[in-house]
$ cat query-v3.pdb   # PDB, C-alpha atoms and all ligand atoms
ATOM      1  CA  MET A1497      42.602  -0.052  22.903  1.00  0.00           C
ATOM      2  CA  VAL A1498      42.781  -1.862  19.592  1.00  0.00           C
ATOM      3  CA  LEU A1499      46.108  -3.025  18.195  1.00  0.00           C
ATOM      4  CA  VAL A1500      46.113  -4.260  14.606  1.00  0.00           C
ATOM      5  CA  VAL A1501      49.145  -5.636  12.786  1.00  0.00           C
ATOM      6  CA  VAL A1502      48.742  -5.802   9.009  1.00  0.00           C
ATOM      7  CA  MET A1503      51.096  -8.630   8.063  1.00  0.00           C
ATOM      8  CA  GLY A1504      52.323 -10.559   5.048  1.00  0.00           C
ATOM      9  CA  VAL A1505      55.236 -10.969   2.704  1.00  0.00           C
ATOM     10  CA  SER A1506      56.984  -8.052   1.041  1.00  0.00           C
ATOM     11  CA  GLY A1507      54.663  -6.478  -1.537  1.00  0.00           C
ATOM     12  CA  SER A1508      51.465  -7.962  -0.078  1.00  0.00           C
ATOM     13  CA  GLY A1509      50.080  -4.449   0.437  1.00  0.00           C
ATOM     14  CA  LYS A1510      50.715  -3.889   4.167  1.00  0.00           C
ATOM     15  CA  SER A1511      51.707  -0.236   3.829  1.00  0.00           C
ATOM     16  CA  THR A1512      49.011   0.607   1.278  1.00  0.00           C
ATOM     17  CA  VAL A1513      46.191  -1.118   3.166  1.00  0.00           C
ATOM     18  CA  GLY A1514      47.457  -0.120   6.627  1.00  0.00           C
ATOM     19  CA  THR A1515      47.742   3.575   5.762  1.00  0.00           C
ATOM     20  CA  LEU A1516      44.252   3.742   4.284  1.00  0.00           C
ATOM     21  CA  LEU A1517      42.718   1.779   7.149  1.00  0.00           C
ATOM     22  CA  ALA A1518      44.348   4.049   9.734  1.00  0.00           C
ATOM     23  CA  ASP A1519      43.115   7.117   7.825  1.00  0.00           C
ATOM     24  CA  LYS A1520      39.547   5.815   7.716  1.00  0.00           C
ATOM     25  CA  LEU A1521      39.503   4.880  11.396  1.00  0.00           C
ATOM     26  CA  GLY A1522      41.450   7.943  12.551  1.00  0.00           C
ATOM     27  CA  TRP A1523      43.994   5.682  14.265  1.00  0.00           C
ATOM     28  CA  LYS A1524      47.744   6.065  14.422  1.00  0.00           C
ATOM     29  CA  PHE A1525      49.773   4.256  11.728  1.00  0.00           C
ATOM     30  CA  TYR A1526      53.259   2.834  12.128  1.00  0.00           C
ATOM     31  CA  GLU A1527      55.367   1.576   9.216  1.00  0.00           C
ATOM     32  CA  GLY A1528      57.429  -1.329  10.554  1.00  0.00           C
ATOM     33  CA  ASP A1529      60.075  -0.886   7.835  1.00  0.00           C
ATOM     34  CA  ASP A1530      60.946   2.543   9.296  1.00  0.00           C
ATOM     35  CA  TYR A1531      62.314   0.802  12.396  1.00  0.00           C
ATOM     36  CA  HIS A1532      64.724  -1.589  10.691  1.00  0.00           C
ATOM     37  CA  PRO A1533      68.313  -0.767  11.667  1.00  0.00           C
ATOM     38  CA  GLU A1534      70.563   0.350   8.835  1.00  0.00           C
ATOM     39  CA  GLU A1535      72.333  -3.081   8.734  1.00  0.00           C
ATOM     40  CA  ASN A1536      68.995  -4.815   8.039  1.00  0.00           C
ATOM     41  CA  ARG A1537      68.088  -2.406   5.246  1.00  0.00           C
ATOM     42  CA  LYS A1538      71.534  -2.812   3.727  1.00  0.00           C
ATOM     43  CA  LYS A1539      71.271  -6.600   3.849  1.00  0.00           C
ATOM     44  CA  MET A1540      67.852  -6.624   2.201  1.00  0.00           C
ATOM     45  CA  ALA A1541      68.944  -4.096  -0.429  1.00  0.00           C
ATOM     46  CA  GLU A1542      71.801  -6.487  -1.269  1.00  0.00           C
ATOM     47  CA  GLY A1543      69.297  -9.296  -1.737  1.00  0.00           C
ATOM     48  CA  ILE A1544      70.216 -11.151   1.489  1.00  0.00           C
ATOM     49  CA  PRO A1545      67.253 -12.417   3.542  1.00  0.00           C
ATOM     50  CA  LEU A1546      67.154 -11.418   7.210  1.00  0.00           C
ATOM     51  CA  THR A1547      67.701 -14.034   9.908  1.00  0.00           C
ATOM     52  CA  ASP A1548      65.956 -14.441  13.281  1.00  0.00           C
ATOM     53  CA  GLN A1549      68.907 -12.636  14.883  1.00  0.00           C
ATOM     54  CA  ASP A1550      68.421  -9.691  12.507  1.00  0.00           C
ATOM     55  CA  ARG A1551      64.707  -9.495  13.102  1.00  0.00           C
ATOM     56  CA  ILE A1552      64.357 -10.068  16.848  1.00  0.00           C
ATOM     57  CA  PRO A1553      65.655  -6.676  18.130  1.00  0.00           C
ATOM     58  CA  TRP A1554      63.502  -4.964  15.487  1.00  0.00           C
ATOM     59  CA  LEU A1555      60.418  -6.902  16.612  1.00  0.00           C
ATOM     60  CA  CYS A1556      61.173  -6.127  20.285  1.00  0.00           C
ATOM     61  CA  HIS A1557      61.320  -2.437  19.433  1.00  0.00           C
ATOM     62  CA  LEU A1558      57.945  -2.680  17.656  1.00  0.00           C
ATOM     63  CA  HIS A1559      56.513  -4.554  20.665  1.00  0.00           C
ATOM     64  CA  ASP A1560      57.630  -1.690  22.923  1.00  0.00           C
ATOM     65  CA  ILE A1561      55.935   0.840  20.639  1.00  0.00           C
ATOM     66  CA  LEU A1562      52.676  -1.128  20.597  1.00  0.00           C
ATOM     67  CA  MET A1563      52.653  -1.490  24.389  1.00  0.00           C
ATOM     68  CA  ARG A1564      53.434   2.194  24.874  1.00  0.00           C
ATOM     69  CA  GLU A1565      50.608   3.266  22.592  1.00  0.00           C
ATOM     70  CA  ASP A1566      48.211   0.810  24.208  1.00  0.00           C
ATOM     71  CA  ALA A1567      49.081   2.134  27.677  1.00  0.00           C
ATOM     72  CA  SER A1568      48.426   5.684  26.512  1.00  0.00           C
ATOM     73  CA  GLY A1569      44.990   4.742  25.173  1.00  0.00           C
ATOM     74  CA  GLN A1570      45.900   4.914  21.493  1.00  0.00           C
ATOM     75  CA  SER A1571      44.547   2.461  18.918  1.00  0.00           C
ATOM     76  CA  VAL A1572      47.203   1.609  16.374  1.00  0.00           C
ATOM     77  CA  ILE A1573      47.711  -0.008  12.979  1.00  0.00           C
ATOM     78  CA  LEU A1574      51.208  -1.405  12.398  1.00  0.00           C
ATOM     79  CA  ALA A1575      52.441  -2.651   9.015  1.00  0.00           C
ATOM     80  CA  CYS A1576      54.909  -5.436   9.758  1.00  0.00           C
ATOM     81  CA  SER A1577      55.804  -8.606   7.863  1.00  0.00           C
ATOM     82  CA  ALA A1578      55.518 -10.752  11.073  1.00  0.00           C
ATOM     83  CA  LEU A1579      56.246 -13.806   8.946  1.00  0.00           C
ATOM     84  CA  LYS A1580      56.730 -16.450  11.655  1.00  0.00           C
ATOM     85  CA  LYS A1581      54.557 -17.428  14.583  1.00  0.00           C
ATOM     86  CA  VAL A1582      57.358 -16.645  17.002  1.00  0.00           C
ATOM     87  CA  TYR A1583      57.703 -13.140  15.518  1.00  0.00           C
ATOM     88  CA  ARG A1584      54.020 -12.544  16.184  1.00  0.00           C
ATOM     89  CA  CYS A1585      54.545 -13.887  19.697  1.00  0.00           C
ATOM     90  CA  ILE A1586      57.319 -11.319  20.239  1.00  0.00           C
ATOM     91  CA  LEU A1587      55.137  -8.485  18.929  1.00  0.00           C
ATOM     92  CA  GLU A1588      52.467  -9.566  21.399  1.00  0.00           C
ATOM     93  CA  ASN A1589      54.514 -10.534  24.466  1.00  0.00           C
ATOM     94  CA  GLY A1590      58.055  -9.257  23.986  1.00  0.00           C
ATOM     95  CA  GLU A1591      61.040 -11.604  23.772  1.00  0.00           C
ATOM     96  CA  ALA A1592      60.812 -12.584  27.451  1.00  0.00           C
ATOM     97  CA  GLY A1593      57.206 -13.654  26.899  1.00  0.00           C
ATOM     98  CA  CYS A1594      58.346 -16.129  24.238  1.00  0.00           C
ATOM     99  CA  GLN A1595      60.894 -18.012  26.349  1.00  0.00           C
ATOM    100  CA  SER A1596      62.399 -20.289  23.762  1.00  0.00           C
ATOM    101  CA  LEU A1597      62.314 -19.341  20.128  1.00  0.00           C
ATOM    102  CA  ASN A1598      62.163 -22.987  19.165  1.00  0.00           C
ATOM    103  CA  ASN A1599      59.727 -24.132  21.773  1.00  0.00           C
ATOM    104  CA  GLN A1600      56.282 -22.859  20.991  1.00  0.00           C
ATOM    105  CA  GLN A1601      54.963 -24.731  24.069  1.00  0.00           C
ATOM    106  CA  GLU A1602      56.479 -21.959  26.125  1.00  0.00           C
ATOM    107  CA  GLU A1603      53.977 -19.530  24.713  1.00  0.00           C
ATOM    108  CA  LYS A1604      51.225 -18.701  27.190  1.00  0.00           C
ATOM    109  CA  GLU A1605      48.339 -20.117  25.198  1.00  0.00           C
ATOM    110  CA  SER A1606      45.794 -18.986  27.771  1.00  0.00           C
ATOM    111  CA  ALA A1607      46.938 -15.349  27.927  1.00  0.00           C
ATOM    112  CA  PRO A1608      44.436 -12.898  26.442  1.00  0.00           C
ATOM    113  CA  ARG A1609      45.477 -11.865  22.950  1.00  0.00           C
ATOM    114  CA  LYS A1610      45.558  -8.141  22.406  1.00  0.00           C
ATOM    115  CA  ILE A1611      46.769  -7.866  18.851  1.00  0.00           C
ATOM    116  CA  LEU A1612      44.600  -8.687  15.840  1.00  0.00           C
ATOM    117  CA  PHE A1613      46.802  -9.882  12.981  1.00  0.00           C
ATOM    118  CA  VAL A1614      45.389  -9.156   9.521  1.00  0.00           C
ATOM    119  CA  HIS A1615      47.149 -11.411   7.041  1.00  0.00           C
ATOM    120  CA  LEU A1616      47.162 -10.153   3.455  1.00  0.00           C
ATOM    121  CA  ALA A1617      47.404 -13.349   1.444  1.00  0.00           C
ATOM    122  CA  GLY A1618      47.560 -14.119  -2.256  1.00  0.00           C
ATOM    123  CA  PRO A1619      49.499 -15.722  -5.085  1.00  0.00           C
ATOM    124  CA  ILE A1620      53.227 -15.126  -5.432  1.00  0.00           C
ATOM    125  CA  GLU A1621      52.873 -14.306  -9.152  1.00  0.00           C
ATOM    126  CA  LEU A1622      50.541 -11.371  -8.475  1.00  0.00           C
ATOM    127  CA  ILE A1623      52.750  -9.994  -5.697  1.00  0.00           C
ATOM    128  CA  ALA A1624      55.837 -10.368  -7.884  1.00  0.00           C
ATOM    129  CA  SER A1625      54.187  -8.387 -10.670  1.00  0.00           C
ATOM    130  CA  ARG A1626      53.276  -5.610  -8.194  1.00  0.00           C
ATOM    131  CA  LEU A1627      56.813  -5.536  -6.817  1.00  0.00           C
ATOM    132  CA  GLU A1628      58.282  -5.270 -10.313  1.00  0.00           C
ATOM    133  CA  LYS A1629      56.289  -2.054 -10.753  1.00  0.00           C
ATOM    134  CA  ARG A1630      57.010  -0.607  -7.283  1.00  0.00           C
ATOM    135  CA  ARG A1631      59.649   2.127  -7.348  1.00  0.00           C
ATOM    136  CA  GLY A1632      61.879   3.727  -4.721  1.00  0.00           C
ATOM    137  CA  HIS A1633      61.900   0.857  -2.219  1.00  0.00           C
ATOM    138  CA  PHE A1634      64.981  -0.860  -0.807  1.00  0.00           C
ATOM    139  CA  MET A1635      63.480  -4.372  -0.914  1.00  0.00           C
ATOM    140  CA  PRO A1636      64.355  -6.179  -4.175  1.00  0.00           C
ATOM    141  CA  PRO A1637      61.712  -8.453  -5.777  1.00  0.00           C
ATOM    142  CA  SER A1638      64.309 -11.258  -5.742  1.00  0.00           C
ATOM    143  CA  LEU A1639      63.704 -11.709  -2.005  1.00  0.00           C
ATOM    144  CA  LEU A1640      60.034 -12.574  -2.489  1.00  0.00           C
ATOM    145  CA  GLN A1641      60.605 -16.348  -2.686  1.00  0.00           C
ATOM    146  CA  SER A1642      62.541 -16.315   0.602  1.00  0.00           C
ATOM    147  CA  GLN A1643      59.687 -14.355   2.197  1.00  0.00           C
ATOM    148  CA  PHE A1644      57.257 -17.110   1.139  1.00  0.00           C
ATOM    149  CA  ASP A1645      59.699 -19.776   2.376  1.00  0.00           C
ATOM    150  CA  THR A1646      59.830 -18.081   5.775  1.00  0.00           C
ATOM    151  CA  LEU A1647      56.105 -17.370   6.048  1.00  0.00           C
ATOM    152  CA  GLU A1648      54.155 -19.347   8.635  1.00  0.00           C
ATOM    153  CA  PRO A1649      50.576 -18.269   7.950  1.00  0.00           C
ATOM    154  CA  PRO A1650      48.719 -17.550  11.195  1.00  0.00           C
ATOM    155  CA  CYS A1651      46.513 -20.342  12.496  1.00  0.00           C
ATOM    156  CA  ALA A1652      44.395 -21.080  15.590  1.00  0.00           C
ATOM    157  CA  PRO A1653      44.706 -20.206  18.450  1.00  0.00           C
ATOM    158  CA  GLU A1654      46.277 -17.027  17.081  1.00  0.00           C
ATOM    159  CA  ASN A1655      43.996 -13.993  16.869  1.00  0.00           C
ATOM    160  CA  PHE A1656      43.877 -13.278  13.141  1.00  0.00           C
ATOM    161  CA  ILE A1657      41.901 -12.837   9.988  1.00  0.00           C
ATOM    162  CA  THR A1658      43.089 -13.610   6.487  1.00  0.00           C
ATOM    163  CA  VAL A1659      42.132 -11.188   3.746  1.00  0.00           C
ATOM    164  CA  SER A1660      42.722 -11.620   0.032  1.00  0.00           C
ATOM    165  CA  LEU A1661      45.155  -9.150  -1.516  1.00  0.00           C
ATOM    166  CA  GLU A1662      43.647  -9.711  -4.953  1.00  0.00           C
ATOM    167  CA  LYS A1663      40.801  -7.223  -4.504  1.00  0.00           C
ATOM    168  CA  PRO A1664      41.021  -3.452  -4.961  1.00  0.00           C
ATOM    169  CA  VAL A1665      42.574  -1.815  -1.898  1.00  0.00           C
ATOM    170  CA  SER A1666      39.347   0.029  -1.002  1.00  0.00           C
ATOM    171  CA  GLU A1667      37.456  -3.281  -0.808  1.00  0.00           C
ATOM    172  CA  THR A1668      40.113  -4.909   1.331  1.00  0.00           C
ATOM    173  CA  VAL A1669      40.111  -1.952   3.703  1.00  0.00           C
ATOM    174  CA  SER A1670      36.288  -1.998   3.980  1.00  0.00           C
ATOM    175  CA  GLU A1671      36.369  -5.711   4.722  1.00  0.00           C
ATOM    176  CA  ILE A1672      38.853  -5.223   7.568  1.00  0.00           C
ATOM    177  CA  GLU A1673      36.920  -2.215   8.848  1.00  0.00           C
ATOM    178  CA  ARG A1674      33.684  -4.255   8.950  1.00  0.00           C
ATOM    179  CA  HIS A1675      35.442  -6.976  10.889  1.00  0.00           C
ATOM    180  CA  LEU A1676      36.863  -4.497  13.396  1.00  0.00           C
ATOM    181  CA  ARG A1677      33.491  -2.812  13.891  1.00  0.00           C
ATOM    182  CA  SER A1678      31.898  -6.207  14.582  1.00  0.00           C
ATOM    183  CA  LEU A1679      34.455  -6.804  17.339  1.00  0.00           C
ATOM    184  CA  TYR A1680      34.733  -3.471  19.104  1.00  0.00           C
TER     185      TYR A1680
HETATM  186  N1  LIG B   1      45.048  -4.464  -3.668  1.00  0.00           N
HETATM  187  C1  LIG B   1      45.976  -3.940  -4.483  1.00  0.00           C
HETATM  188  N2  LIG B   1      45.725  -3.796  -5.787  1.00  0.00           N
HETATM  189  C2  LIG B   1      46.662  -3.293  -6.627  1.00  0.00           C
HETATM  190  N3  LIG B   1      47.893  -2.890  -6.243  1.00  0.00           N
HETATM  191  C3  LIG B   1      48.218  -3.015  -4.944  1.00  0.00           C
HETATM  192  C4  LIG B   1      47.275  -3.542  -3.991  1.00  0.00           C
HETATM  193  N4  LIG B   1      47.874  -3.555  -2.771  1.00  0.00           N
HETATM  194  C5  LIG B   1      49.115  -3.053  -2.958  1.00  0.00           C
HETATM  195  N5  LIG B   1      49.322  -2.723  -4.240  1.00  0.00           N
HETATM  196  C6  LIG B   1      50.564  -2.190  -4.826  1.00  0.00           C
HETATM  197  O1  LIG B   1      51.547  -3.216  -4.631  1.00  0.00           O
HETATM  198  C7  LIG B   1      52.795  -2.654  -4.262  1.00  0.00           C
HETATM  199  C8  LIG B   1      53.217  -3.224  -2.912  1.00  0.00           C
HETATM  200  O2  LIG B   1      52.362  -2.707  -1.911  1.00  0.00           O
HETATM  201  P1  LIG B   1      52.948  -2.221  -0.514  1.00  0.00           P
HETATM  202  O3  LIG B   1      51.837  -1.593   0.239  1.00  0.00           O
HETATM  203  O4  LIG B   1      54.202  -1.443  -0.696  1.00  0.00           O
HETATM  204  O5  LIG B   1      53.302  -3.660   0.136  1.00  0.00           O
HETATM  205  P2  LIG B   1      54.137  -4.010   1.443  1.00  0.00           P
HETATM  206  O6  LIG B   1      54.039  -2.839   2.367  1.00  0.00           O
HETATM  207  O7  LIG B   1      53.454  -5.231   1.991  1.00  0.00           O
HETATM  208  O8  LIG B   1      55.508  -4.316   0.985  1.00  0.00           O
HETATM  209  C9  LIG B   1      52.608  -1.139  -4.226  1.00  0.00           C
HETATM  210  O9  LIG B   1      53.104  -0.603  -5.427  1.00  0.00           O
HETATM  211  C10 LIG B   1      51.107  -0.954  -4.110  1.00  0.00           C
HETATM  212  O10 LIG B   1      50.662   0.230  -4.728  1.00  0.00           O
HETATM  213  O1  LIG B   2      61.027  -9.466   7.992  1.00  0.00           O
HETATM  214  C1  LIG B   2      61.516  -9.120   6.923  1.00  0.00           C
HETATM  215  O2  LIG B   2      62.180  -9.842   6.157  1.00  0.00           O
HETATM  216  C2  LIG B   2      61.282  -7.704   6.450  1.00  0.00           C
HETATM  217  O3  LIG B   2      60.529  -6.992   7.355  1.00  0.00           O
HETATM  218  C3  LIG B   2      60.527  -7.793   5.187  1.00  0.00           C
HETATM  219  O4  LIG B   2      59.484  -8.722   5.360  1.00  0.00           O
HETATM  220  C4  LIG B   2      59.939  -6.513   4.795  1.00  0.00           C
HETATM  221  O5  LIG B   2      58.978  -6.837   3.904  1.00  0.00           O
HETATM  222  C5  LIG B   2      60.956  -5.578   4.286  1.00  0.00           C
HETATM  223  O6  LIG B   2      61.189  -4.678   5.289  1.00  0.00           O
HETATM  224  C6  LIG B   2      60.609  -4.903   2.992  1.00  0.00           C
HETATM  225  O7  LIG B   2      59.581  -4.004   3.112  1.00  0.00           O
HETATM  226  P1  LIG B   2      58.153  -4.245   2.442  1.00  0.00           P
HETATM  227  O8  LIG B   2      57.466  -5.322   3.248  1.00  0.00           O
HETATM  228  O9  LIG B   2      57.468  -2.922   2.565  1.00  0.00           O
HETATM  229  O10 LIG B   2      58.402  -4.694   1.058  1.00  0.00           O
END
$ encode --input "query-v3.pdb" --output "C-alpha cells"
Amino acid sequence: MVLVVVMGVSGSGKSTVGTLLADKLGWKFYEGDDYHPEENRKKMAEGIPLTDQDRIPWLCHLHDILMREDASGQSVILACSALKKVYRCILENGEAGCQSLNNQQEEKESAPRKILFVHLAGPIELIASRLEKRRGHFMPPSLLQSQFDTLEPPCAPENFITVSLEKPVSETVSEIERHLRSLY
C-alpha cells in the first residue's frame, strides 16, 4: 500500500493539497493537526513553539495510524509538518526504530522506505501572506519563523519529492499525482 506524508511548515498547504490529492486518488486522508493533544494546541495558540518532547508522542501516534492502515491494505495521505529528519524517522519506524534522537547513525539506512514524503516548499513571505488571510485556525502566523528555523528539508537517502507551493493547488496536486502514478 502507498503511504504519502505531505509535509512542510505551517501554512505551506499540506491540508489543502493533501485533501484534494486524497479525493482525486480515492485514498484515505488524515489531518495530523487533529491528533495533537490539547496541551500542544494550547501552546501553539499562545505562540509557543513545540519541542521534541511535545511532538514525539504525537508522531508515534501518527506512526501507529499509518502502520495500521498499511496492514489493512489502505493507501493513505497524511498531512503532517514532519519538520525534522528524526520526526520523519519516527513516522516511518516508530520511536524504537530511531534509537537515539541525536544519533542519526542509528537509523537503519538500508531498511526499505515505505513512506513517500512530499515536501511543499516555498518562500516565507508568500506563506506568511497566506497565513495572514487564513481564518479559524489555532496556529498564529507569528510561529512561522520558528517553523522555518526547525525545518530540516528532506535529503538523500530519504524517500521524498519537493514540490513548489507557489503554483495553483490543482497544478501541485497533478504534479504529485503524476509522480505517484510513475511509481506505482
Ligand atoms: N497553492 C496555493 N495557492 C494559494 N493559496 C494556497 C495554496 N496552498 C494553500 N493555500 C492557502 O494557504 C493557507 C494555508 O494552507 P493550509 O492547507 O491550511 O496549510 P497547512 O495545512 O500546511 O498549514 C490556506 O488558507 C490555503 O487556502
Ligand atoms: O510540528 C509542529 O510544530 C506543528 O505540527 C505545526 O507544524 C503545525 O503546522 C501546526 O499543527 C499548525 O497547523 P498547520 O500546519 O495546519 O498550520
$ axis_aligned_box --input "query-v3.pdb" --around "range 1572-1589 of chain A" --padding-each-side "6 Å" --output "lines of an AutoDock Vina configuration file"
center_x = 52.5
center_y = -7.9
center_z = 16.2
size_x = 22.5
size_y = 31.0
size_z = 28.6
$ residues_around --input "query-v3.pdb" --residues "range 1569-1578 of chain A" --least-positions-apart "6" --cutoff "6 Å" --atoms "all atoms listed in the file" --output "list in words"
Met1497, Val1498, Leu1499, Val1500, Val1501, Val1502, Met1503, Gly1504, Val1505, Lys1510, Ser1511, Trp1523, Lys1524, Phe1525, Tyr1526, Glu1527, Gly1528 and Arg1584 of chain A
$ write_last_selection --input "query-v3.pdb" --atoms "C-alpha atoms" --output "PDB file, in the coordinates of the input"
ATOM      1  CA  MET A1497      42.602  -0.052  22.903  1.00  0.00           C
ATOM      2  CA  VAL A1498      42.781  -1.862  19.592  1.00  0.00           C
ATOM      3  CA  LEU A1499      46.108  -3.025  18.195  1.00  0.00           C
ATOM      4  CA  VAL A1500      46.113  -4.260  14.606  1.00  0.00           C
ATOM      5  CA  VAL A1501      49.145  -5.636  12.786  1.00  0.00           C
ATOM      6  CA  VAL A1502      48.742  -5.802   9.009  1.00  0.00           C
ATOM      7  CA  MET A1503      51.096  -8.630   8.063  1.00  0.00           C
ATOM      8  CA  GLY A1504      52.323 -10.559   5.048  1.00  0.00           C
ATOM      9  CA  VAL A1505      55.236 -10.969   2.704  1.00  0.00           C
ATOM     10  CA  LYS A1510      50.715  -3.889   4.167  1.00  0.00           C
ATOM     11  CA  SER A1511      51.707  -0.236   3.829  1.00  0.00           C
ATOM     12  CA  TRP A1523      43.994   5.682  14.265  1.00  0.00           C
ATOM     13  CA  LYS A1524      47.744   6.065  14.422  1.00  0.00           C
ATOM     14  CA  PHE A1525      49.773   4.256  11.728  1.00  0.00           C
ATOM     15  CA  TYR A1526      53.259   2.834  12.128  1.00  0.00           C
ATOM     16  CA  GLU A1527      55.367   1.576   9.216  1.00  0.00           C
ATOM     17  CA  GLY A1528      57.429  -1.329  10.554  1.00  0.00           C
ATOM     18  CA  ARG A1584      54.020 -12.544  16.184  1.00  0.00           C
TER      19      ARG A1584
END
$ residues_near_ligand --input "query-v3.pdb" --ligand "ligand LIG 1 (chain B)" --cutoff "8 Å" --atoms "only C-alpha atoms and all ligand atoms" --output "NGL selection string"
:A and (1503-1514 or 1575-1577 or 1623 or 1626-1627 or 1629-1631 or 1661-1666 or 1668)
$ closest_residue --input "query-v3.pdb" --among "A:Pro1545, A:Gly1632, A:Gly1593, A:Pro1619" --to "ligand LIG 2 (chain B)" --atoms "only C-alpha atoms and all ligand atoms"
A:Pro1545
$ atom_distance --input "query-v3.pdb" --atom1 "CA of Ala1518 in chain A" --atom2 "CA of Arg1677 in chain A"
13.5 Å
$ closest_residue --input "query-v3.pdb" --among "A:Leu1647, A:Ala1652, A:Ile1552, A:Ile1620" --to "Ala1592 in chain A" --atoms "all atoms listed in the file"
A:Ile1552
$ closest_residue --input "query-v3.pdb" --among "A:His1532, A:Lys1520, A:Lys1581, A:His1557" --to "ligand LIG 2 (chain B)" --atoms "all atoms listed in the file"
A:His1532
$ atom_distance --input "query-v3.pdb" --atom1 "CA of His1633 in chain A" --atom2 "CA of Gln1549 in chain A"
22.9 Å
$ closest_residue --input "query-v3.pdb" --among "A:Met1540, A:Leu1639, A:Val1582, A:Ile1657" --to "Phe1613 in chain A" --atoms "only C-alpha atoms"
A:Ile1657
$ resolve_selection --input "query-v3.pdb" --expression "the PyMOL selection byres (((chain A and resi 1659) around 7) and not hetatm)" --output "list in words"
Val1614, His1615, Leu1616, Ala1617, Ile1657, Thr1658, Ser1660 and Leu1661 of chain A
$ residues_around --input "query-v3.pdb" --residues "Asn1655 in chain A" --least-positions-apart "4" --cutoff "8 Å" --atoms "all atoms listed in the file" --output "count of residues only"
4
$ closest_residue --input "query-v3.pdb" --among "A:Leu1521, A:Ile1544, A:Val1669, A:Leu1587" --to "Met1563 in chain A" --atoms "all atoms listed in the file"
A:Leu1587
$ closest_residue --input "query-v3.pdb" --among "A:Ser1670, A:Thr1515, A:Ser1568, A:Gln1643" --to "ligand LIG 2 (chain B)" --atoms "only C-alpha atoms and all ligand atoms"
A:Gln1643
$ resolve_selection --input "query-v3.pdb" --expression "the PyMOL selection byres (((chain A and resi 1559) around 9) and not hetatm)" --output "number ranges by chain"
A: 1554-1558, 1560-1564, 1586-1591
$ atom_distance --input "query-v3.pdb" --atom1 "CA of Asp1645 in chain A" --atom2 "atom C1 of ligand LIG 2 (chain B)"
11.7 Å
$ residues_around --input "query-v3.pdb" --residues "Phe1634 in chain A" --least-positions-apart "3" --cutoff "10 Å" --atoms "only C-alpha atoms" --output "PDB file with C-alpha atoms, keeping the file's coordinate frame"
ATOM      1  CA  ASP A1529      60.075  -0.886   7.835  1.00  0.00           C
ATOM      2  CA  ARG A1537      68.088  -2.406   5.246  1.00  0.00           C
ATOM      3  CA  LYS A1538      71.534  -2.812   3.727  1.00  0.00           C
ATOM      4  CA  LYS A1539      71.271  -6.600   3.849  1.00  0.00           C
ATOM      5  CA  MET A1540      67.852  -6.624   2.201  1.00  0.00           C
ATOM      6  CA  ALA A1541      68.944  -4.096  -0.429  1.00  0.00           C
ATOM      7  CA  GLU A1542      71.801  -6.487  -1.269  1.00  0.00           C
ATOM      8  CA  GLY A1543      69.297  -9.296  -1.737  1.00  0.00           C
ATOM      9  CA  ARG A1631      59.649   2.127  -7.348  1.00  0.00           C
ATOM     10  CA  PRO A1637      61.712  -8.453  -5.777  1.00  0.00           C
TER      11      PRO A1637
END
